[in-house]
Number of protein chains: 2
Amino acid sequence: MRLAELSEQSGVSIATIKYYLRERLLPPGRRVTATQAEYDEAHLRRLRLVRAMIQVGGMPVATAREVLAHIDDESLGLTMRLGAATWALPQPPEAPLDDAASTDARQEVERLLEELGWDSVREVGDLSPVYRSLITSIATLNGLGYTVSAAELLPYARQMEQIAIHDMDQLENLPEGTEQVEAAVAAQVLYDPLLLSLRRLALEAETTRRYGMA
Amino acid sequence: MRLAELSEQSGVSIATIKYYLRERLLPPGRRVTATQAEYDEAHLRRLRLVRAMIQVGGMPVATAREVLAHIDDESLGLTMRLGAATWALPQPPEAPLDDAASTDARQEVERLLEELGWDSVREVGDLSPVYRSLITSIATLNGLGYTVSAAELLPYARQMEQIAIHDMDQLENLPEGTEQVEAAVAAQVLYDPLLLSLRRLALEAETTRRYGMA
DNA sequence: ATGATTGGATAGTGCCACTCTCCATTGAAG
DNA sequence: CTTCAATGGAGAGTGGCACTATCCAATCAT
């Protein structure tokens, strides 16, 4: 497959594909001559994932690159690659974590995790980025005058737990290989906006159920 | 309260506040003299909401302005104001909705809503933006080669339904007034990132629960 | 042989959330 | 009363980012 065909099949412009190659979001094609390269199905699949991460997931290019690097890290087992890829996901800027607001927020999260029995997450030496970004979000909200307590988060966390269990069940049904990791990352990233849309839709349905139509 | 004090209290720079005033995200202060204006608690509260929508919710300024316009629309009842504000929320670009991919996506969503019994959402003449953006997301994913079926979405939707019920219960405990609408919008917008963080964290916990630590 | 196409490099574009600079007015200190 | 820093307002400028347009030499198809 040549660049032009890759572009057609994916619906991504040639210029953009070149940009992704430059940014190492897409591995270079197999060089055939000095001026031509050959691409295959894996490139197409990867390109779709990249588009999805950036366009649907709203992820910055740098983050997408990190996630992909973990997916491709042959030195890790599949489970770890998935974990590492998820590990690299969060987009919020890493905050200091040592000011007063963050300390409060962290205590609140600790309380929440204890309540939930998610002890494994706390026992890791380095705080996972997800953990950190949760703390940052809460600290930010607190700073803006919106207090967020463990008690308020608990019901949300319980629902997310159900979803995580469902996700893992789904994941175990996939064939092994890089494809599995890609699919898992895709599911994590791409379902986020769907989840939020569903939340809004559910709220709409519930509102009219309680108060009737406009 | 002068501009400088508003800036200090909120932690938002004077230049940025001026920008928000210009963009009509913040109502002008009460003019005291030709060159000075007075701001109050409502301004501070509004400013915090704006910051939260933009910074935490990642919302574009134009969208934030629309949402605020609905919050302030005195001609609507509280429930409607909340609905209208939520109505204006989605950020994904409105897609055509009439191509083949969208038709498929729409059918899938119809199927899902029927299954869930969220009939009210479908019965509205104009499709709600949330509904539209859900269809668009699914169509995009389909176009990228990730098929999303009603069956796959169902478990997620059920969890979101629980969250929506919880949200409505919380909402009914708030005192009435513009504050209530603001708080409701804040909850909708600001809890989104928290929800996603919690999802990731839950997945991490579930992964180590099943496969042990790294 | 020759014109079109390819991959690669570089510079430019458009958007957007700010941020800087300037200005006339005005409140406060001496 | 005088002087000087501060205020609110308006327009232009900045920086980041995801592309995109332009070139160019090599090479493929005819």
# chains A, B, ... in the order shown; residues from 1 in each chain; ligands from 1
>>> closest_atom_pairs(of="chain A", to="chain C", cutoff="10 Å", atoms="only C-alpha atoms (C1' of nucleotides)", output="Markdown table")
| residue | atom | partner | partner_atom | distance |
| --- | --- | --- | --- | --- |
| A:Arg2 | CA | C:DT6 | C1' | 8.8 |
| A:Leu3 | CA | C:DT6 | C1' | 8.4 |
| A:Ala4 | CA | C:DT6 | C1' | 9.2 |
| A:Lys18 | CA | C:DG8 | C1' | 8.6 |
| A:Arg22 | CA | C:DG8 | C1' | 9.3 |
| A:Arg31 | CA | C:DG7 | C1' | 9.9 |
| A:Ala34 | CA | C:DG7 | C1' | 8.6 |
| A:Thr35 | CA | C:DG7 | C1' | 5.5 |
| A:Gln36 | CA | C:DT6 | C1' | 6.0 |
| A:Ala37 | CA | C:DG7 | C1' | 7.5 |
>>> write_last_selection(atoms="N, CA, C and O atoms", output="mmCIF file, in the first residue's frame")
data_model
loop_
_atom_site.group_PDB
_atom_site.id
_atom_site.type_symbol
_atom_site.label_atom_id
_atom_site.label_comp_id
_atom_site.auth_asym_id
_atom_site.auth_seq_id
_atom_site.Cartn_x
_atom_site.Cartn_y
_atom_site.Cartn_z
ATOM 1 N N ARG A 2 0.601 2.172 -0.894
ATOM 2 C CA ARG A 2 1.345 3.430 -0.941
ATOM 3 C C ARG A 2 0.672 4.471 -0.051
ATOM 4 O O ARG A 2 -0.457 4.280 0.394
ATOM 5 N N LEU A 3 1.346 5.571 0.169
ATOM 6 C CA LEU A 3 0.784 6.653 0.987
ATOM 7 C C LEU A 3 -0.608 7.048 0.496
ATOM 8 O O LEU A 3 -1.542 7.177 1.299
ATOM 9 N N ALA A 4 -0.725 7.224 -0.809
ATOM 10 C CA ALA A 4 -2.001 7.680 -1.372
ATOM 11 C C ALA A 4 -3.122 6.711 -1.028
ATOM 12 O O ALA A 4 -4.233 7.124 -0.670
ATOM 13 N N LYS A 18 1.546 12.471 6.629
ATOM 14 C CA LYS A 18 2.959 12.865 6.677
ATOM 15 C C LYS A 18 3.280 13.504 8.023
ATOM 16 O O LYS A 18 4.328 13.256 8.613
ATOM 17 N N ARG A 22 5.956 12.226 10.826
ATOM 18 C CA ARG A 22 6.971 13.112 11.381
ATOM 19 C C ARG A 22 6.915 13.120 12.907
ATOM 20 O O ARG A 22 7.937 13.131 13.586
ATOM 21 N N ARG A 31 10.735 0.729 3.469
ATOM 22 C CA ARG A 31 11.315 1.411 2.323
ATOM 23 C C ARG A 31 11.521 0.453 1.166
ATOM 24 O O ARG A 31 12.215 -0.550 1.302
ATOM 25 N N ALA A 34 14.571 4.396 -2.752
ATOM 26 C CA ALA A 34 14.999 5.593 -2.021
ATOM 27 C C ALA A 34 13.846 6.577 -1.842
ATOM 28 O O ALA A 34 13.851 7.391 -0.924
ATOM 29 N N THR A 35 12.879 6.498 -2.718
ATOM 30 C CA THR A 35 11.806 7.490 -2.656
ATOM 31 C C THR A 35 10.426 6.886 -2.447
ATOM 32 O O THR A 35 9.432 7.599 -2.523
ATOM 33 N N GLN A 36 10.374 5.593 -2.171
ATOM 34 C CA GLN A 36 9.047 5.033 -1.969
ATOM 35 C C GLN A 36 8.983 4.056 -0.803
ATOM 36 O O GLN A 36 9.925 3.314 -0.537
ATOM 37 N N ALA A 37 7.862 4.069 -0.139
ATOM 38 C CA ALA A 37 7.680 3.191 1.009
ATOM 39 C C ALA A 37 6.354 2.444 0.886
ATOM 40 O O ALA A 37 5.431 2.897 0.210
#
>>> select_by_dssp(residues="range 108-177 of chain A", states="alpha helix (DSSP H)", output="PyMOL selection string")
chain A and resi 108-116+119-123+129-143+150-172
>>> write_last_selection(atoms="C-alpha atoms", output="PDB file, in the first residue's frame")
ATOM      1  CA  GLU A 108     -10.231  12.914  50.505  1.00  0.00           C
ATOM      2  CA  VAL A 109      -9.190  10.486  47.780  1.00  0.00           C
ATOM      3  CA  GLU A 110      -7.423   8.245  50.307  1.00  0.00           C
ATOM      4  CA  ARG A 111     -10.651   8.115  52.267  1.00  0.00           C
ATOM      5  CA  LEU A 112     -12.576   7.215  49.150  1.00  0.00           C
ATOM      6  CA  LEU A 113     -10.221   4.410  48.147  1.00  0.00           C
ATOM      7  CA  GLU A 114     -10.311   2.935  51.597  1.00  0.00           C
ATOM      8  CA  GLU A 115     -14.079   2.946  51.526  1.00  0.00           C
ATOM      9  CA  LEU A 116     -14.064   1.223  48.165  1.00  0.00           C
ATOM     10  CA  ASP A 119      -6.209  -0.715  48.191  1.00  0.00           C
ATOM     11  CA  SER A 120      -3.937  -1.890  45.411  1.00  0.00           C
ATOM     12  CA  VAL A 121      -4.047   1.520  43.788  1.00  0.00           C
ATOM     13  CA  ARG A 122      -2.736   3.160  46.923  1.00  0.00           C
ATOM     14  CA  GLU A 123       0.057   0.715  47.591  1.00  0.00           C
ATOM     15  CA  PRO A 129      -0.964   9.440  36.971  1.00  0.00           C
ATOM     16  CA  VAL A 130      -4.670   8.688  37.105  1.00  0.00           C
ATOM     17  CA  TYR A 131      -4.550   8.965  40.872  1.00  0.00           C
ATOM     18  CA  ARG A 132      -2.603  12.189  40.584  1.00  0.00           C
ATOM     19  CA  SER A 133      -4.941  13.700  38.034  1.00  0.00           C
ATOM     20  CA  LEU A 134      -7.943  12.846  40.185  1.00  0.00           C
ATOM     21  CA  ILE A 135      -6.326  14.678  43.070  1.00  0.00           C
ATOM     22  CA  THR A 136      -5.490  17.620  40.831  1.00  0.00           C
ATOM     23  CA  SER A 137      -9.060  17.864  39.563  1.00  0.00           C
ATOM     24  CA  ILE A 138     -10.454  17.840  43.059  1.00  0.00           C
ATOM     25  CA  ALA A 139      -7.903  20.379  44.272  1.00  0.00           C
ATOM     26  CA  THR A 140      -8.770  22.634  41.344  1.00  0.00           C
ATOM     27  CA  LEU A 141     -12.464  22.397  42.088  1.00  0.00           C
ATOM     28  CA  ASN A 142     -11.841  23.080  45.759  1.00  0.00           C
ATOM     29  CA  GLY A 143      -9.747  26.088  44.799  1.00  0.00           C
ATOM     30  CA  ALA A 150     -15.254  11.335  49.409  1.00  0.00           C
ATOM     31  CA  ALA A 151     -18.883  10.820  50.336  1.00  0.00           C
ATOM     32  CA  GLU A 152     -20.020  12.675  47.230  1.00  0.00           C
ATOM     33  CA  LEU A 153     -17.702  10.727  44.973  1.00  0.00           C
ATOM     34  CA  LEU A 154     -18.549   7.321  46.368  1.00  0.00           C
ATOM     35  CA  PRO A 155     -21.707   6.669  44.351  1.00  0.00           C
ATOM     36  CA  TYR A 156     -19.930   7.669  41.152  1.00  0.00           C
ATOM     37  CA  ALA A 157     -16.976   5.453  41.953  1.00  0.00           C
ATOM     38  CA  ARG A 158     -19.283   2.487  42.576  1.00  0.00           C
ATOM     39  CA  GLN A 159     -20.825   2.870  39.145  1.00  0.00           C
ATOM     40  CA  MET A 160     -17.407   3.180  37.532  1.00  0.00           C
ATOM     41  CA  GLU A 161     -16.368   0.016  39.309  1.00  0.00           C
ATOM     42  CA  GLN A 162     -19.193  -1.839  37.580  1.00  0.00           C
ATOM     43  CA  ILE A 163     -18.062  -0.445  34.260  1.00  0.00           C
ATOM     44  CA  ALA A 164     -14.463  -1.446  34.889  1.00  0.00           C
ATOM     45  CA  ILE A 165     -15.539  -4.999  35.675  1.00  0.00           C
ATOM     46  CA  HIS A 166     -17.530  -5.061  32.469  1.00  0.00           C
ATOM     47  CA  ASP A 167     -14.565  -3.674  30.522  1.00  0.00           C
ATOM     48  CA  MET A 168     -12.219  -6.310  31.887  1.00  0.00           C
ATOM     49  CA  ASP A 169     -14.666  -9.070  31.034  1.00  0.00           C
ATOM     50  CA  GLN A 170     -14.877  -7.786  27.487  1.00  0.00           C
ATOM     51  CA  LEU A 171     -11.128  -7.523  27.266  1.00  0.00           C
ATOM     52  CA  GLU A 172     -10.606 -11.114  28.230  1.00  0.00           C
TER      53      GLU A 172
END
>>> interface_residues(of="chain A", to="chain D", cutoff="10 Å", atoms="only C-alpha atoms (C1' of nucleotides)", output="list in words")
Ser13, Ile14, Ala15, Thr16, Tyr19, Tyr20, Thr33, Ala34, Thr35, Gln36, Ile54, Pro60 and Val61 of chain A
>>> closest_residue(among="B:Gln9, B:Thr63, B:Asn173, B:Gln107", to="chain A", atoms="only C-alpha atoms")
B:Gln9
>>> residues_around(residues="range 67-81 of chain B", least_positions_apart="3", cutoff="10 Å", atoms="only C-alpha atoms (C1' of nucleotides)", output="NGL selection string")
(:A and (207-208 or 211 or 213-214)) or (:B and (24-26 or 46 or 49-50 or 53 or 61-64 or 84-90 or 176-182 or 185))
>>> select_by_dssp(residues="range 24-93 of chain B", states="strand (DSSP E or B)", output="list in words")
Arg30, Arg31, Ala37 and Glu38 of chain B
